[in-house]
Amino acid sequence: DLTCATLLVVKERKKYVTQMYFIPSDRLQEKIKEDGVRYDLWEERGLVRICEGAKVNYSDVTAWFVEMREKHKIFPLWIGYDRWNANYWVDEMKANGFNMEDVIQGAITMSNPMKEMNADLIQKNLNYNNHPILKWCFTNMSVKTDENENIRPVKGREKKKRIDGVVSLIDAYVVYMRHIDDYTNMQS
């Protein structure tokens with residue numbers, strides 16, 4: 001019910017985050033009550049877009065990426081995504097010229113990128129512009145550690161709380177780390 005699109009921009013060893021959230025209009029009041037947050041007020045601030053209908057329209061997500069490219073001149077090199085229920089959207093994004101990369105949602109894939117993100121937060125190398133929805137998602141997230149000290153994000157004690165923004169950011173970190181040599185060479 002809550003979808004997040006993330007752009008991770010790397011410039012001079014600093015990382016900058018731009019996000020947009022999407023929620024369906026037919027479920028808006030229910031989600032405000034259930035989640036205990038004012039999505040309607042976040043929409044007024046331009047932090048969330050409300051999609052017509054009972055589910056998120058992924059064409060709205062595509063439109064945001066196109067807007068970021070055309071209006072703001074942010075050209076993503078790769079976009080990571082969770083493959084669950086994403087076939088149509090991935091095809092649409094590719095048709096709009098975006099390079100899409102599947103990100104498996106699990107500890108093996110997400111552990112090192114999460115550790116990198118944590119280090120960036122501690123060192124103040126990650127600027128997320130104090131985004132209130134992302135901050136809320138961070139407060140809802142817990143970290144699960146396996147026997148090999150791999151970590152992955154999980155919902156905290158309140159299983160209905162949203163962590164979508166953090167997971168989207170971790171997906172961006174996964175893609176960043178896959179292509180870190182490419183990013184490093186671009187910065188030189």
# chains A, B, ... in the order shown; residues from 1 in each chain; ligands from 1
$ closest_atom_pairs --of "segment 99-127 of chain A" --to "segment 169-186 of chain A" --cutoff "9 Å" --atoms "only C-alpha atoms" --output "CSV"
residue,atom,partner,partner_atom,distance
A:Glu101,CA,A:Val175,CA,7.4
A:Asp102,CA,A:Val175,CA,8.9
A:Val103,CA,A:Asp171,CA,6.3
A:Ile104,CA,A:Asp171,CA,8.8
A:Gln105,CA,A:Asp171,CA,8.4
A:Thr109,CA,A:Val174,CA,7.1
A:Met110,CA,A:Val174,CA,6.5
A:Asn112,CA,A:Val174,CA,8.2
A:Pro113,CA,A:Val174,CA,5.4
A:Met114,CA,A:Ile170,CA,6.2
A:Glu116,CA,A:Tyr173,CA,8.0
A:Met117,CA,A:Tyr173,CA,7.2
$ write_last_selection --atoms "N, CA and C atoms" --output "mmCIF file, in the first residue's frame"
data_model
loop_
_atom_site.group_PDB
_atom_site.id
_atom_site.type_symbol
_atom_site.label_atom_id
_atom_site.label_comp_id
_atom_site.auth_asym_id
_atom_site.auth_seq_id
_atom_site.Cartn_x
_atom_site.Cartn_y
_atom_site.Cartn_z
ATOM 1 N N GLU A 101 17.637 -3.068 -12.317
ATOM 2 C CA GLU A 101 18.379 -4.171 -11.716
ATOM 3 C C GLU A 101 17.587 -4.774 -10.569
ATOM 4 N N ASP A 102 17.376 -6.066 -10.657
ATOM 5 C CA ASP A 102 16.686 -6.826 -9.618
ATOM 6 C C ASP A 102 17.525 -6.851 -8.350
ATOM 7 N N VAL A 103 16.885 -6.580 -7.212
ATOM 8 C CA VAL A 103 17.559 -6.659 -5.919
ATOM 9 C C VAL A 103 16.831 -7.712 -5.076
ATOM 10 N N ILE A 104 17.493 -8.821 -4.843
ATOM 11 C CA ILE A 104 16.902 -9.875 -4.022
ATOM 12 C C ILE A 104 16.820 -9.370 -2.588
ATOM 13 N N GLN A 105 15.654 -9.530 -1.995
ATOM 14 C CA GLN A 105 15.393 -9.002 -0.654
ATOM 15 C C GLN A 105 15.796 -10.029 0.398
ATOM 16 N N THR A 109 22.173 -10.325 0.107
ATOM 17 C CA THR A 109 22.221 -9.166 -0.788
ATOM 18 C C THR A 109 22.309 -7.851 -0.023
ATOM 19 N N MET A 110 21.578 -7.745 1.074
ATOM 20 C CA MET A 110 21.402 -6.446 1.729
ATOM 21 C C MET A 110 22.396 -6.159 2.855
ATOM 22 N N ASN A 112 25.887 -6.106 3.431
ATOM 23 C CA ASN A 112 26.975 -5.144 3.252
ATOM 24 C C ASN A 112 26.468 -3.751 2.878
ATOM 25 N N PRO A 113 25.483 -3.632 1.984
ATOM 26 C CA PRO A 113 24.949 -2.298 1.714
ATOM 27 C C PRO A 113 24.335 -1.631 2.953
ATOM 28 N N MET A 114 23.672 -2.407 3.805
ATOM 29 C CA MET A 114 23.128 -1.834 5.044
ATOM 30 C C MET A 114 24.254 -1.347 5.952
ATOM 31 N N GLU A 116 27.207 -0.356 4.994
ATOM 32 C CA GLU A 116 27.738 0.850 4.337
ATOM 33 C C GLU A 116 26.834 2.054 4.618
ATOM 34 N N MET A 117 25.522 1.855 4.506
ATOM 35 C CA MET A 117 24.573 2.928 4.782
ATOM 36 C C MET A 117 24.694 3.398 6.229
#
$ atom_distance --atom1 "atom CA of Asp26 of chain A" --atom2 "atom CA of Gly53 of chain A"
5.3 Å
$ closest_residue --among "A:Lys15, A:Leu7, A:Arg49, A:Asp35" --to "Arg69 of chain A" --atoms "only C-alpha atoms"
A:Leu7
$ closest_residue --among "A:Tyr88, A:Met100, A:Glu44, A:Thr139" --to "Val166 of chain A" --atoms "only C-alpha atoms"
A:Thr139
$ atom_distance --atom1 "atom CA of Tyr16 of chain A" --atom2 "atom CA of Asn127 of chain A"
4.8 Å
$ select_by_dssp --residues "segment 60-178 of chain A" --states "alpha helix (DSSP H)" --output "ChimeraX atom specification"
/A:60-70,87-95,107-122,132-140,164-178
$ select_by_dssp --residues "segment 148-185 of chain A" --states "strand (DSSP E)" --output "PyMOL selection string"
chain A and resi 151-155
$ residues_around --residues "segment 146-163 of chain A" --least-positions-apart "3" --cutoff "6 Å" --atoms "only C-alpha atoms" --output "PyMOL selection string"
chain A and resi 107+110-111+137+140-143+166
$ residues_around --residues "Arg38 of chain A" --least-positions-apart "3" --cutoff "12 Å" --atoms "only C-alpha atoms" --output "JSON, numbers by chain"
{"A": [23, 28, 29, 30, 31, 32, 33, 34, 35, 41, 42, 43, 44, 45, 47, 48, 132, 133, 136]}
$ closest_residue --among "A:Trp84, A:Phe138, A:Phe22, A:Phe75" --to "Val167 of chain A" --atoms "only C-alpha atoms"
A:Phe138
$ atom_distance --atom1 "atom CA of Met68 of chain A" --atom2 "atom CA of Cys4 of chain A"
14.3 Å
$ closest_residue --among "A:Met20, A:Asn99, A:Leu126, A:Ala63" --to "Tyr81 of chain A" --atoms "only C-alpha atoms"
A:Asn99
$ residues_around --residues "Ser168 of chain A" --least-positions-apart "6" --cutoff "9 Å" --atoms "only C-alpha atoms" --output "mmCIF file with all heavy atoms, in the first residue's frame"
data_model
loop_
_atom_site.group_PDB
_atom_site.id
_atom_site.type_symbol
_atom_site.label_atom_id
_atom_site.label_comp_id
_atom_site.auth_asym_id
_atom_site.auth_seq_id
_atom_site.Cartn_x
_atom_site.Cartn_y
_atom_site.Cartn_z
ATOM 1 N N THR A 3 4.411 2.702 -1.411
ATOM 2 C CA THR A 3 5.514 2.423 -2.324
ATOM 3 C C THR A 3 6.475 3.594 -2.250
ATOM 4 O O THR A 3 6.041 4.739 -2.123
ATOM 5 C CB THR A 3 4.978 2.248 -3.765
ATOM 6 O OG1 THR A 3 4.144 1.083 -3.799
ATOM 7 C CG2 THR A 3 6.095 2.096 -4.768
ATOM 8 N N CYS A 4 7.758 3.304 -2.353
ATOM 9 C CA CYS A 4 8.767 4.356 -2.301
ATOM 10 C C CYS A 4 9.702 4.229 -3.496
ATOM 11 O O CYS A 4 10.174 3.135 -3.814
ATOM 12 C CB CYS A 4 9.569 4.270 -1.009
ATOM 13 S SG CYS A 4 10.858 5.532 -0.891
ATOM 14 N N ALA A 5 9.970 5.364 -4.138
ATOM 15 C CA ALA A 5 10.976 5.455 -5.192
ATOM 16 C C ALA A 5 12.136 6.269 -4.640
ATOM 17 O O ALA A 5 11.917 7.308 -4.003
ATOM 18 C CB ALA A 5 10.390 6.132 -6.425
ATOM 19 N N THR A 6 13.351 5.806 -4.869
ATOM 20 C CA THR A 6 14.541 6.448 -4.304
ATOM 21 C C THR A 6 15.580 6.697 -5.377
ATOM 22 O O THR A 6 15.842 5.830 -6.208
ATOM 23 C CB THR A 6 15.163 5.553 -3.214
ATOM 24 O OG1 THR A 6 14.217 5.372 -2.159
ATOM 25 C CG2 THR A 6 16.435 6.153 -2.645
ATOM 26 N N GLN A 19 13.544 11.043 -2.451
ATOM 27 C CA GLN A 19 12.522 9.994 -2.457
ATOM 28 C C GLN A 19 11.152 10.582 -2.754
ATOM 29 O O GLN A 19 10.885 11.748 -2.469
ATOM 30 C CB GLN A 19 12.442 9.295 -1.093
ATOM 31 C CG GLN A 19 13.626 8.438 -0.757
ATOM 32 C CD GLN A 19 13.429 7.646 0.521
ATOM 33 O OE1 GLN A 19 12.868 8.125 1.494
ATOM 34 N NE2 GLN A 19 13.905 6.400 0.516
ATOM 35 N N GLY A 80 17.429 0.001 -8.858
ATOM 36 C CA GLY A 80 17.193 -1.284 -8.215
ATOM 37 C C GLY A 80 15.731 -1.423 -7.850
ATOM 38 O O GLY A 80 15.064 -0.445 -7.539
ATOM 39 N N TYR A 81 15.242 -2.651 -7.896
ATOM 40 C CA TYR A 81 13.836 -2.897 -7.570
ATOM 41 C C TYR A 81 13.671 -4.278 -6.955
ATOM 42 O O TYR A 81 14.467 -5.179 -7.194
ATOM 43 C CB TYR A 81 12.952 -2.766 -8.823
ATOM 44 C CG TYR A 81 13.220 -3.850 -9.852
ATOM 45 C CD1 TYR A 81 12.466 -5.029 -9.863
ATOM 46 C CD2 TYR A 81 14.241 -3.719 -10.790
ATOM 47 C CE1 TYR A 81 12.728 -6.032 -10.777
ATOM 48 C CE2 TYR A 81 14.504 -4.711 -11.709
ATOM 49 C CZ TYR A 81 13.747 -5.868 -11.700
ATOM 50 O OH TYR A 81 14.002 -6.870 -12.599
ATOM 51 N N ASP A 82 12.623 -4.402 -6.171
ATOM 52 C CA ASP A 82 12.191 -5.688 -5.613
ATOM 53 C C ASP A 82 11.320 -6.346 -6.677
ATOM 54 O O ASP A 82 10.320 -5.776 -7.095
ATOM 55 C CB ASP A 82 11.401 -5.430 -4.322
ATOM 56 C CG ASP A 82 10.805 -6.673 -3.709
ATOM 57 O OD1 ASP A 82 10.940 -7.786 -4.279
ATOM 58 O OD2 ASP A 82 10.171 -6.531 -2.648
#
